[in-house]
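Dropping model-v6.cif in here (mmCIF, C-alpha atoms and all ligand atoms):
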data_entry
loop_
_atom_site.label_atom_id
_atom_site.label_comp_id
_atom_site.auth_asym_id
_atom_site.auth_seq_id
_atom_site.Cartn_x
_atom_site.Cartn_y
_atom_site.Cartn_z
CA MET A 27 -70.79 27.41 20.02
CA LYS A 28 -67.41 25.72 19.81
CA PHE A 29 -64.05 27.40 19.26
CA PHE A 30 -61.60 26.57 16.49
CA ILE A 31 -58.30 28.36 16.00
CA ASP A 32 -57.67 29.94 12.59
CA THR A 33 -53.93 29.55 11.99
CA ALA A 34 -51.25 27.24 10.61
CA ASN A 35 -48.72 28.35 13.21
CA MET A 36 -47.70 25.48 15.48
CA ASN A 37 -46.75 27.63 18.47
CA GLU A 38 -50.14 29.35 18.40
CA ILE A 39 -51.95 26.02 18.04
CA LYS A 40 -49.98 24.42 20.90
CA GLU A 41 -50.49 27.40 23.19
CA ALA A 42 -54.21 27.70 22.39
CA TYR A 43 -54.81 23.96 22.65
CA THR A 44 -53.49 23.84 26.21
CA LEU A 45 -56.24 26.31 27.15
CA GLY A 46 -58.63 23.38 26.91
CA CYS A 47 -61.33 25.16 24.92
CA ILE A 48 -60.14 24.65 21.34
CA ALA A 49 -62.03 21.96 19.43
CA GLY A 50 -60.44 22.27 15.99
CA VAL A 51 -58.21 24.17 13.58
CA THR A 52 -58.78 25.91 10.26
CA THR A 53 -56.04 26.82 7.82
CA ASN A 54 -56.10 28.49 4.43
CA PRO A 55 -53.44 29.02 1.73
CA SER A 56 -52.60 32.53 3.01
CA LEU A 57 -52.07 31.26 6.57
CA VAL A 58 -49.96 28.32 5.36
CA ALA A 59 -47.85 30.64 3.18
CA LYS A 60 -46.78 32.55 6.33
CA GLU A 61 -45.15 29.37 7.69
CA LYS A 62 -41.58 29.06 6.43
CA ASN A 63 -39.47 25.91 6.01
CA VAL A 64 -42.21 23.38 6.56
CA SER A 65 -44.19 21.39 4.01
CA PHE A 66 -47.97 21.73 4.01
CA HIS A 67 -48.42 17.99 4.54
CA ASP A 68 -45.90 17.83 7.40
CA ARG A 69 -47.57 20.75 9.13
CA LEU A 70 -51.01 19.18 8.77
CA LYS A 71 -49.68 15.91 10.17
CA GLU A 72 -48.23 17.79 13.15
CA ILE A 73 -51.50 19.61 13.79
CA THR A 74 -53.65 16.48 13.52
CA GLU A 75 -51.36 14.66 15.96
CA LEU A 76 -51.96 17.36 18.57
CA VAL A 77 -55.60 18.27 17.97
CA PRO A 78 -58.09 15.39 17.73
CA GLY A 79 -60.91 17.58 16.37
CA SER A 80 -61.51 18.81 12.82
CA VAL A 81 -58.46 20.25 11.02
CA SER A 82 -59.38 22.07 7.80
CA ALA A 83 -56.91 21.90 4.92
CA GLU A 84 -57.71 23.78 1.74
CA VAL A 85 -57.34 22.51 -1.82
CA ILE A 86 -55.62 24.73 -4.38
CA ALA A 87 -57.03 23.29 -7.64
CA LEU A 88 -59.95 25.13 -9.19
CA ASP A 89 -61.43 22.23 -11.16
CA ALA A 90 -63.45 19.46 -9.51
CA GLU A 91 -61.14 16.71 -10.71
CA GLY A 92 -58.07 18.46 -9.30
CA MET A 93 -59.83 19.22 -6.02
CA ILE A 94 -60.93 15.60 -5.64
CA LYS A 95 -57.39 14.37 -6.24
CA GLU A 96 -55.89 16.86 -3.76
CA GLY A 97 -58.65 16.31 -1.20
CA ARG A 98 -58.22 12.55 -1.22
CA GLU A 99 -54.48 12.99 -0.59
CA LEU A 100 -55.15 15.45 2.25
CA ALA A 101 -57.72 13.09 3.79
CA LYS A 102 -55.09 10.34 3.91
CA ILE A 103 -52.96 12.42 6.32
CA ALA A 104 -55.30 11.75 9.26
CA PRO A 105 -58.92 10.82 9.92
CA ASN A 106 -59.65 14.26 11.39
CA ILE A 107 -58.71 16.18 8.24
CA THR A 108 -61.59 18.23 6.82
CA VAL A 109 -61.08 19.14 3.18
CA LYS A 110 -61.69 22.83 2.63
CA VAL A 111 -63.16 23.67 -0.77
CA PRO A 112 -64.03 27.07 -2.26
CA MET A 113 -67.67 27.96 -2.90
CA THR A 114 -67.84 27.44 -6.68
CA PRO A 115 -69.78 25.03 -8.91
CA GLU A 116 -66.57 22.99 -9.31
CA GLY A 117 -66.05 23.06 -5.57
CA LEU A 118 -69.52 21.68 -4.92
CA LYS A 119 -69.01 18.88 -7.46
CA ALA A 120 -66.00 17.87 -5.39
CA VAL A 121 -67.98 18.19 -2.13
CA ALA A 122 -70.63 15.82 -3.48
CA VAL A 123 -67.96 13.21 -4.27
CA PHE A 124 -66.26 13.65 -0.87
CA ALA A 125 -69.63 13.28 0.89
CA LYS A 126 -70.18 9.90 -0.79
CA GLU A 127 -66.67 8.84 0.23
CA GLY A 128 -67.18 9.88 3.86
CA ILE A 129 -64.60 12.69 3.64
CA LYS A 130 -65.60 15.74 5.68
CA THR A 131 -65.70 19.10 3.91
CA ASN A 132 -65.69 22.76 4.82
CA VAL A 133 -67.01 25.04 2.08
CA THR A 134 -65.15 28.32 2.37
CA LEU A 135 -65.57 31.85 1.05
CA ILE A 136 -69.32 31.90 1.74
CA PHE A 137 -70.78 35.40 1.39
CA SER A 138 -74.51 34.71 0.90
CA ALA A 139 -77.22 32.51 2.39
CA ASN A 140 -77.88 30.90 -1.00
CA GLN A 141 -74.24 29.85 -1.23
CA ALA A 142 -74.50 28.26 2.22
CA LEU A 143 -77.70 26.42 1.28
CA LEU A 144 -76.18 25.12 -1.96
CA ALA A 145 -73.08 23.90 -0.12
CA ALA A 146 -75.19 22.18 2.53
CA ARG A 147 -77.30 20.45 -0.10
CA ALA A 148 -74.16 19.24 -1.89
CA GLY A 149 -73.24 17.49 1.36
CA ALA A 150 -70.85 19.92 3.08
CA SER A 151 -70.06 19.09 6.70
CA TYR A 152 -69.32 22.76 7.43
CA VAL A 153 -69.91 26.12 5.74
CA SER A 154 -67.69 29.10 6.49
CA PRO A 155 -69.33 32.52 6.10
CA PHE A 156 -66.66 35.26 6.26
CA LEU A 157 -67.87 37.95 8.68
CA GLY A 158 -64.95 40.32 8.67
CA ARG A 159 -64.60 40.48 4.91
CA LEU A 160 -68.30 41.36 4.57
CA ASP A 161 -67.97 44.04 7.26
CA ASP A 162 -64.92 45.37 5.37
CA ILE A 163 -67.07 46.22 2.34
CA GLY A 164 -69.86 47.78 4.40
CA HIS A 165 -72.15 44.73 4.56
CA ASN A 166 -73.42 43.14 7.76
CA GLY A 167 -71.50 39.90 8.26
CA MET A 168 -73.45 38.98 11.38
CA GLU A 169 -76.79 39.20 9.58
CA LEU A 170 -75.50 36.51 7.24
CA ILE A 171 -74.73 34.17 10.15
CA SER A 172 -78.20 34.73 11.54
CA THR A 173 -79.92 34.13 8.17
CA ILE A 174 -77.98 30.93 7.48
CA SER A 175 -78.69 29.71 10.99
CA ASP A 176 -82.46 30.35 10.54
CA ILE A 177 -82.54 28.60 7.16
CA PHE A 178 -80.65 25.57 8.44
CA ALA A 179 -82.99 25.34 11.45
CA ILE A 180 -86.17 25.63 9.32
CA HIS A 181 -84.98 22.87 6.99
CA ASP A 182 -83.33 20.62 9.57
CA ILE A 183 -79.95 20.93 7.89
CA GLU A 184 -77.15 19.37 9.87
CA THR A 185 -74.28 21.20 8.15
CA GLU A 186 -72.45 23.19 10.82
CA ILE A 187 -71.88 26.93 10.49
CA ILE A 188 -68.33 28.13 11.13
CA ALA A 189 -68.23 31.89 11.68
CA ALA A 190 -64.97 32.80 9.91
CA SER A 191 -62.95 35.95 9.26
CA ILE A 192 -63.39 36.93 12.91
CA ARG A 193 -61.60 40.18 13.75
CA HIS A 194 -62.49 41.02 17.36
CA PRO A 195 -64.18 39.70 20.53
CA LEU A 196 -67.58 41.24 19.71
CA HIS A 197 -67.71 39.11 16.56
CA VAL A 198 -67.34 36.04 18.79
CA THR A 199 -70.17 36.95 21.18
CA GLU A 200 -72.48 37.91 18.35
CA ALA A 201 -71.66 34.80 16.31
CA ALA A 202 -72.67 32.71 19.34
CA LEU A 203 -75.90 34.69 19.76
CA ASN A 204 -76.74 34.46 16.08
CA GLY A 205 -76.51 30.69 15.85
CA ALA A 206 -73.00 29.87 14.64
CA ASP A 207 -72.03 26.32 15.66
CA ILE A 208 -68.34 27.21 15.66
CA ALA A 209 -66.23 30.36 15.53
CA THR A 210 -62.78 30.00 14.01
CA ILE A 211 -60.66 32.65 15.63
CA PRO A 212 -57.11 34.01 15.18
CA TYR A 213 -54.79 33.46 18.17
CA ASN A 214 -54.64 37.14 19.14
CA VAL A 215 -58.43 37.39 19.32
CA ILE A 216 -58.64 34.17 21.39
CA MET A 217 -56.29 35.78 23.92
CA GLN A 218 -58.36 38.99 23.89
CA LEU A 219 -61.41 36.93 24.91
CA PHE A 220 -59.79 36.20 28.28
CA LYS A 221 -59.27 39.82 29.12
CA HIS A 222 -61.35 41.85 31.51
CA PRO A 223 -59.93 44.68 33.64
CA LEU A 224 -62.07 43.62 36.61
CA THR A 225 -60.60 40.11 36.49
CA ASP A 226 -57.07 41.56 36.68
CA LYS A 227 -58.10 44.00 39.38
CA GLY A 228 -59.83 41.22 41.32
CA ILE A 229 -56.73 38.98 41.26
CA GLU A 230 -54.58 41.89 42.37
CA ALA A 231 -56.91 42.65 45.29
CA PHE A 232 -57.16 38.99 46.37
CA LEU A 233 -53.37 38.67 46.36
CA ALA A 234 -52.91 41.93 48.28
CA ASP A 235 -55.40 40.73 50.93
CA TRP A 236 -53.67 37.33 51.09
CA GLU A 237 -50.37 39.05 51.87
CA LYS A 238 -52.07 40.90 54.77
CA ARG A 239 -53.35 37.70 56.41
CA ALA A 240 -52.41 37.17 60.06
C1 LIG A 301 -61.42 30.64 7.82
O1 LIG A 301 -61.60 29.49 7.49
C2 LIG A 301 -60.68 31.60 7.02
O2 LIG A 301 -59.47 31.00 6.71
C3 LIG A 301 -60.38 32.88 7.75
O3 LIG A 301 -61.23 33.04 8.85
C4 LIG A 301 -60.28 34.09 6.87
O4 LIG A 301 -60.07 35.22 7.67
P1 LIG A 301 -59.55 36.62 7.08
O5 LIG A 301 -60.69 37.25 6.34
O6 LIG A 301 -59.17 37.41 8.28
O7 LIG A 301 -58.40 36.31 6.17
#

Write the structure described by the file as structure tokens, please.
Amino acid sequence: MKFFIDTANMNEIKEAYTLGCIAGVTTNPSLVAKEKNVSFHDRLKEITELVPGSVSAEVIALDAEGMIKEGRELAKIAPNITVKVPMTPEGLKAVAVFAKEGIKTNVTLIFSANQALLAARAGASYVSPFLGRLDDIGHNGMELISTISDIFAIHDIETEIIAASIRHPLHVTEAALNGADIATIPYNVIMQLFKHPLTDKGIEAFLADWEKRA
């Protein structure tokens, strides 16, 4: 499983990217709205110049025609832009057009296996099931990852599964175990992944012993 960072914040992206384990970035309109005094296009340009992997940028239009227009503009920003499209019939019409044009897509707001299968069959490069939001309403988000992963394996579907709406480190481990190809993770959770009290204690002990050397 690969790691993407789920943010539009440049400081977080820069800091996480230097860790060497981040393969891409996902943004959404809510994350972009948190960023003040910068245009969406300028921010995407900045991100794509730093990160060579997939950078998801979401369309705002709700009709296929509008999504196609917006997506084509977004795709012009850089070759590694992935156009993020909501899981609706209009969204999938747009995905089908983008697939023919060689524009990569990430179908977002996936909450069922059938939605993931439909998106894959329309030609989506990625599907993004939202774990945390399913957990929030008392459903099992991880079961969805596992079911989609089984279905894609049975039918040799190449669409990659991005475990999204990750809230804590256990989501990350379980997403990896349940077949997600990628986890897109907020910066604070990425940093939590590094933490283990025995690592800190071990460093402390090694340094203390080093100081005692003859
Ligand atoms: C991913 O593509 C989504 O933007 C994101 O993971 C949503 O997470 P949230 O449910 O915490 O807003």

With 6 Å as the cut-off and all atoms listed in the file counted, what is the closest atom pair between each nearby residue of chain A and ligand LIG 301 (chain A)? Distances in Å to one decimal, ordered by chain and number, as a Markdown table.
| residue | atom | partner | partner_atom | distance |
| --- | --- | --- | --- | --- |
| A:Thr52 | CA | A:LIG301 | O1 | 5.3 |
| A:Thr53 | CA | A:LIG301 | O2 | 5.5 |
| A:Asn54 | CA | A:LIG301 | O2 | 4.8 |
| A:Gly158 | CA | A:LIG301 | O5 | 5.7 |
| A:Arg159 | CA | A:LIG301 | O5 | 5.3 |
| A:Ala190 | CA | A:LIG301 | O3 | 3.9 |
| A:Ser191 | CA | A:LIG301 | O4 | 3.4 |

Shell around region 36-45 of chain A at 8 Å using only C-alpha atoms, local window under 2 positions removed, as an mmCIF file with C-alpha atoms, in the coordinates of the input:
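To be explicit, this is the file written out as out_24.cif:
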data_model
loop_
_atom_site.group_PDB
_atom_site.id
_atom_site.type_symbol
_atom_site.label_atom_id
_atom_site.label_comp_id
_atom_site.auth_asym_id
_atom_site.auth_seq_id
_atom_site.Cartn_x
_atom_site.Cartn_y
_atom_site.Cartn_z
ATOM 1 C CA ILE A 31 -58.300 28.360 16.000
ATOM 2 C CA THR A 33 -53.930 29.550 11.990
ATOM 3 C CA ALA A 34 -51.250 27.240 10.610
ATOM 4 C CA CYS A 47 -61.330 25.160 24.920
ATOM 5 C CA ILE A 48 -60.140 24.650 21.340
ATOM 6 C CA VAL A 51 -58.210 24.170 13.580
ATOM 7 C CA ARG A 69 -47.570 20.750 9.130
ATOM 8 C CA ILE A 73 -51.500 19.610 13.790
ATOM 9 C CA LEU A 76 -51.960 17.360 18.570
ATOM 10 C CA VAL A 77 -55.600 18.270 17.970
ATOM 11 C CA TYR A 213 -54.790 33.460 18.170
ATOM 12 C CA ILE A 216 -58.640 34.170 21.390
#

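Atom to atom, CA of Lys110 (chain A) and CA of Ile211 (chain A) stand 16.3 Å apart.
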
Met93 (chain A) environment, 10 Å, all atoms listed in the file, sequence neighbours closer than 3 positions dropped, as a list in words: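 These residues fall inside the cut-off: Glu84, Val85, Ile86, Ala87, Leu88, Asp89, Ala90, Glu96, Gly97, Arg98, Glu99, Val109, Lys110, Val111, Pro112, Glu116, Gly117, Lys119, Ala120, Val121 and Phe124 of chain A.
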
Atomic separation - CA of Gln218 (chain A) relative to CA of Val58 (chain A), Å: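 Atom-to-atom, CA of Val58 (chain A) and CA of Gln218 (chain A) are spaced 23.0 Å apart.
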
Distance of CA of Arg193 (chain A) from CA of Met27 (chain A), expressed in Å to one decimal place: 16.9 Å

From A:Glu200, A:Gly167, A:Pro212, A:Ala146, residue lying nearest Asn35 (chain A) [only C-alpha atoms]: A:Pro212
